[in-house]
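> I have a structure I would like to understand better, so I am pasting it below and will then ask my questions one at a time.
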Amino acid sequence: MEHTSTPPSNDRSGPVSSVIPRRFLDLLAILLRSPSVVGAEHSFFRVLKRELEERGAQVSWYEGVLVAQGAQPKSVMFSAHIDRHGLVCTGPNEFQYAAFVASARSDLLGNSVSEQLMNKIVHRFESESVYAYEPWSGAYHGSGVIDRAYICEHRNNLIFELAGMNHLAAGTPVAFQDRLKQTDQALVGQLDNVLTAAALVYLFELGFEGTAFFTAQEEAGKSWRYLLEWFRRFGETTNQLIVVDTSPYPDLEAAGQQHVVLRNKDANATFNEPLTQRLSHLCDELGLRYQFKDRYVEAMNAIQKAKGEEPSSLGSTEMGRIIAASNGLVDGTTLQIPTSGYHTLSESAPLASVSGFLNILSGLCGLAQPAEGRLDV
């Protein structure tokens with residue numbers, strides 16, 4: 001999604017103190033080092049289960065979704081996807097983009113990935129260090145470097161070749177080597193979507209009593225299915241689900257023009273209006289700048305239309321997909337952290353945005369963040 005400017009939706013323009021708890025940063029660093037390639041998230045679920053149970057959560061593991069609950073599970077409900085982009089071995093020294101494999105997108109089924117998208121990705125990870133792991137246990141299976149990436153003309157598919165990974169069998173997931181980095185402006189790493197998943201785990205450390213869902217295969221467009229199946233399994237319904245994620249901007253300056261991103265709708269459905277308003281009112285109370293992404297895209301599309309250019313999509317979210325498919329069973333809204341460098345190893349989240357996001361979550365749950373162990377930036 002292309003952006004040329006990013007005007008905030010509310011007029012709160014004063015500086016907001018960026019206070020990030022040290023224990024949250026430590027947790028995020030641990031989770032970022034644990035692989036979770038789309039379609040091979042089982043080992044990450046194991047790590048999450050341990051971290052959640054250590055913080056007092058009751059954890060249940062279902063196919064494609066980990067459910068953590070406190071003493072009042074219906075009080076507040078959040079959802080975060082836990083898969084990250086990576087590769088999967090599909091033959092001798094042949095690797096493909098895991099999200100494409102998990103979503104079965106190829107010319108064989110007539111739903112191939114666009115050439116524009118493949119050309120965008122083909123140069124994104126040149127010379128990046130990677131490592132292979134066993135998807136269930138997370139056991140390390142060796143490391144290497146992306147040696148070459150190209151579009152196979154016969155299959156019209158994106159192919160990667162890796163140096164030092166000839167020993168891998170087909171089906172082995174390959175994650176990007178990454179560590180949490182911090183500048184004076186932002187947290188940096190492959191943040192989508194381990195950043196907001198870590199925030200939900202951290203809530204249980206503060207005494208969160210609601211429910212947090214952690215879903216698999218969002219990058220393959222499947223996470224909403226696992227979430228909806230959970231609600232149908234128990235006959236549960238809600239109009240208060242908040243899906244948390246990151247939201248892309250062209251650069252860090254544009255991302256920093258708002259602390260958080262809200263939406264009234266996406267390309268699939270209109271979100272719960274009272275809940276969306278509750279988030280915006282809480283932002284106002286906390287002095288946080290926010291932007292409605294759908295309004296921004298519509299404004300940009302009007303400009304593009306006047307120039308004779310193709311309009312941009314409103315985007316597709318887990319929330320919109322589950323609203324459209326659930327026939328009223330599940331409703332809610334989204335809360336997102338603005339970032340730059342989306343879907344790369346240098347995705348950057350402004351420190352003030354991360355701090356503001358944690359404050360909003362705490363405010364929604366009536367929790368207070370501890371004064372000790374905070375990092376003032």
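Naming works like this for the structure tokens: A, B, ... for the chains as they're shown, residue 1 at the start of each chain, ligands 1 onward in shown order.
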Name all residues at most 8 Å from Thr334 of chain A (count only C-alpha atoms; drop same-chain ones fewer than 6 positions away) and give them as a list in words.
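Returned residues: Ile242, Val243, Val244, Asp245, Leu262, Arg263, Thr276 and Met319 of chain A.
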> Name the residues of segment 185-336 of chain A that come out as strand (DSSP E) in a backbone DSSP run; write them as a ChimeraX atom specification.
/A:186-189,211-215,238-249,260-262,290-292,330-336
> Kindly indicate which residue among A:Leu32, A:Ser346, A:Leu180, A:Gly70 lies nearest to Gly207 of chain A, using only C-alpha atoms for the distances.
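With only C-alpha atoms as the atom set, the closest residue is A:Gly70.
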> Excluding segment 294-303 of chain A and residues on its chain fewer than 4 positions from it, collect all residues at most 7 Å away from it, counting only C-alpha atoms, and give them as a list in words.
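Once the adjacent positions are removed, what remains is Arg263, Asn264, Lys265, Asp266, Lys307, Pro311, Ser312 and Leu314 of chain A.
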> Using only C-alpha atoms, which residue out of A:Gly363, A:Pro248, A:Gly256, A:Gly320 lies closest to Phe271 of chain A?
A:Gly320
> What is the atom CA of Asn327 of chain A to atom CA of Val38 of chain A distance in Å?
27.4 Å
> Tell me, as a PyMOL selection string, which residues lie within 9 Å of Ser316 of chain A, counting only C-alpha atoms; anything in the same chain fewer than 6 positions away does not count.
chain A and resi 221+266-268
> For the residues in that selection, give me C-alpha atoms as a PDB file, in the first residue's frame.

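The resulting selection34.pdb:
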```pdb
ATOM      1  CA  GLY A 221      -5.113 -15.629   4.864  1.00  0.00           C
ATOM      2  CA  ASP A 266     -11.473  -2.928   5.697  1.00  0.00           C
ATOM      3  CA  ALA A 267     -12.070  -4.421   2.252  1.00  0.00           C
ATOM      4  CA  ASN A 268     -14.180  -7.218   3.776  1.00  0.00           C
TER       5      ASN A 268
END
```
> Considering only C-alpha atoms, can you say which of A:Leu367, A:Leu52, A:Ala163, A:Val47 comes closest to Ile30 of chain A?
A:Val47
> Which residues, written as a PDB file with N, CA and C atoms, in the first residue's frame, have at least one atom at most 8 Å from segment 84-88 of chain A, with only C-alpha atoms counted and residues fewer than 6 positions away on the same chain left out?

```pdb
ATOM      1  N   SER A  36       8.897 -18.708  13.814  1.00  0.00           N
ATOM      2  CA  SER A  36       7.454 -18.921  13.648  1.00  0.00           C
ATOM      3  C   SER A  36       7.066 -18.669  12.192  1.00  0.00           C
ATOM      4  N   VAL A  37       7.705 -19.382  11.277  1.00  0.00           N
ATOM      5  CA  VAL A  37       7.421 -19.219   9.852  1.00  0.00           C
ATOM      6  C   VAL A  37       5.986 -19.640   9.563  1.00  0.00           C
ATOM      7  N   VAL A  38       5.301 -18.872   8.744  1.00  0.00           N
ATOM      8  CA  VAL A  38       3.911 -19.170   8.419  1.00  0.00           C
ATOM      9  C   VAL A  38       3.781 -20.602   7.906  1.00  0.00           C
ATOM     10  N   PHE A  95      13.888 -23.426  -2.419  1.00  0.00           N
ATOM     11  CA  PHE A  95      13.071 -22.894  -1.336  1.00  0.00           C
ATOM     12  C   PHE A  95      12.062 -21.908  -1.900  1.00  0.00           C
ATOM     13  N   GLN A  96      10.886 -21.896  -1.316  1.00  0.00           N
ATOM     14  CA  GLN A  96       9.849 -20.985  -1.766  1.00  0.00           C
ATOM     15  C   GLN A  96       9.358 -20.139  -0.590  1.00  0.00           C
ATOM     16  N   TYR A  97       8.724 -19.041  -0.911  1.00  0.00           N
ATOM     17  CA  TYR A  97       8.171 -18.141   0.093  1.00  0.00           C
ATOM     18  C   TYR A  97       7.054 -18.872   0.825  1.00  0.00           C
ATOM     19  N   ALA A  98       7.203 -19.010   2.143  1.00  0.00           N
ATOM     20  CA  ALA A  98       6.314 -19.876   2.909  1.00  0.00           C
ATOM     21  C   ALA A  98       4.852 -19.463   2.816  1.00  0.00           C
ATOM     22  N   ALA A  99       4.580 -18.158   2.786  1.00  0.00           N
ATOM     23  CA  ALA A  99       3.192 -17.697   2.733  1.00  0.00           C
ATOM     24  C   ALA A  99       2.510 -18.146   1.449  1.00  0.00           C
ATOM     25  N   VAL A 101       3.287 -20.885  -0.269  1.00  0.00           N
ATOM     26  CA  VAL A 101       3.076 -22.328  -0.166  1.00  0.00           C
ATOM     27  C   VAL A 101       1.900 -22.629   0.751  1.00  0.00           C
ATOM     28  N   ALA A 170      12.683 -31.632   1.926  1.00  0.00           N
ATOM     29  CA  ALA A 170      11.494 -30.874   1.554  1.00  0.00           C
ATOM     30  C   ALA A 170      10.534 -30.799   2.737  1.00  0.00           C
ATOM     31  N   GLY A 171       9.955 -29.614   2.939  1.00  0.00           N
ATOM     32  CA  GLY A 171       9.031 -29.396   4.038  1.00  0.00           C
ATOM     33  C   GLY A 171       9.654 -28.723   5.241  1.00  0.00           C
ATOM     34  N   THR A 172      10.987 -28.557   5.239  1.00  0.00           N
ATOM     35  CA  THR A 172      11.665 -27.928   6.363  1.00  0.00           C
ATOM     36  C   THR A 172      11.495 -26.406   6.316  1.00  0.00           C
ATOM     37  N   PRO A 173      10.997 -25.782   7.370  1.00  0.00           N
ATOM     38  CA  PRO A 173      10.868 -24.318   7.381  1.00  0.00           C
ATOM     39  C   PRO A 173      12.218 -23.648   7.614  1.00  0.00           C
ATOM     40  N   VAL A 174      12.374 -22.462   7.042  1.00  0.00           N
ATOM     41  CA  VAL A 174      13.607 -21.686   7.164  1.00  0.00           C
ATOM     42  C   VAL A 174      13.231 -20.277   7.598  1.00  0.00           C
ATOM     43  N   ALA A 175      13.745 -19.863   8.746  1.00  0.00           N
ATOM     44  CA  ALA A 175      13.437 -18.551   9.303  1.00  0.00           C
ATOM     45  C   ALA A 175      14.596 -17.594   9.061  1.00  0.00           C
ATOM     46  N   PHE A 176      14.300 -16.315   9.095  1.00  0.00           N
ATOM     47  CA  PHE A 176      15.343 -15.297   8.978  1.00  0.00           C
ATOM     48  C   PHE A 176      16.003 -15.097  10.343  1.00  0.00           C
ATOM     49  N   GLN A 190      12.022  -8.053  12.675  1.00  0.00           N
ATOM     50  CA  GLN A 190      10.901  -8.619  11.930  1.00  0.00           C
ATOM     51  C   GLN A 190       9.686  -8.614  12.868  1.00  0.00           C
ATOM     52  N   ASP A 192       6.352  -7.878  12.569  1.00  0.00           N
ATOM     53  CA  ASP A 192       5.001  -8.326  12.217  1.00  0.00           C
ATOM     54  C   ASP A 192       4.907  -9.851  12.358  1.00  0.00           C
ATOM     55  N   ASN A 193       4.182 -10.397  13.355  1.00  0.00           N
ATOM     56  CA  ASN A 193       3.403  -9.654  14.308  1.00  0.00           C
ATOM     57  C   ASN A 193       3.790 -10.044  15.730  1.00  0.00           C
ATOM     58  N   VAL A 194       5.057 -10.348  15.899  1.00  0.00           N
ATOM     59  CA  VAL A 194       5.519 -10.732  17.228  1.00  0.00           C
ATOM     60  C   VAL A 194       5.435  -9.563  18.204  1.00  0.00           C
ATOM     61  N   GLU A 219      -0.659 -14.654   7.513  1.00  0.00           N
ATOM     62  CA  GLU A 219      -0.023 -14.198   6.285  1.00  0.00           C
ATOM     63  C   GLU A 219      -0.444 -15.035   5.080  1.00  0.00           C
ATOM     64  N   HIS A 343       7.163  -6.062   6.540  1.00  0.00           N
ATOM     65  CA  HIS A 343       7.524  -7.384   6.018  1.00  0.00           C
ATOM     66  C   HIS A 343       8.996  -7.494   5.644  1.00  0.00           C
TER      67      HIS A 343
END
```
> Would you mind listing what lies within 6 Å of Thr246 of chain A as a list in words, with only C-alpha atoms counted and same-chain residues fewer than 5 positions away left out?
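So, after excluding close chain neighbours, the residues are Gln336, Ile337 and Pro338 of chain A.
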> Neighbouring residues of Asp178 of chain A were defined as those with any atom within 10 Å, considering only C-alpha atoms; residues of the same chain fewer than 6 positions away were excluded. Please report them as a list in words.
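In the requested form, the answer reads Ala29, Leu32, Arg33, Ser34, Pro35, Glu128, Ser129, Val130, Val188, Gly189, Gln190, Leu191, Leu345 and Ser346 of chain A.
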> Calculate how many Å separate atom CA of Met165 of chain A from atom CA of Leu117 of chain A, rounding to one decimal.
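Calculated distance between atom CA of Met165 of chain A and atom CA of Leu117 of chain A is 25.6 Å.
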> Have a look at atom CA of Leu162 of chain A and atom CA of Gly64 of chain A and let me know their distance in Å, one decimal.
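Separating atom CA of Leu162 of chain A from atom CA of Gly64 of chain A is a distance of 28.8 Å.
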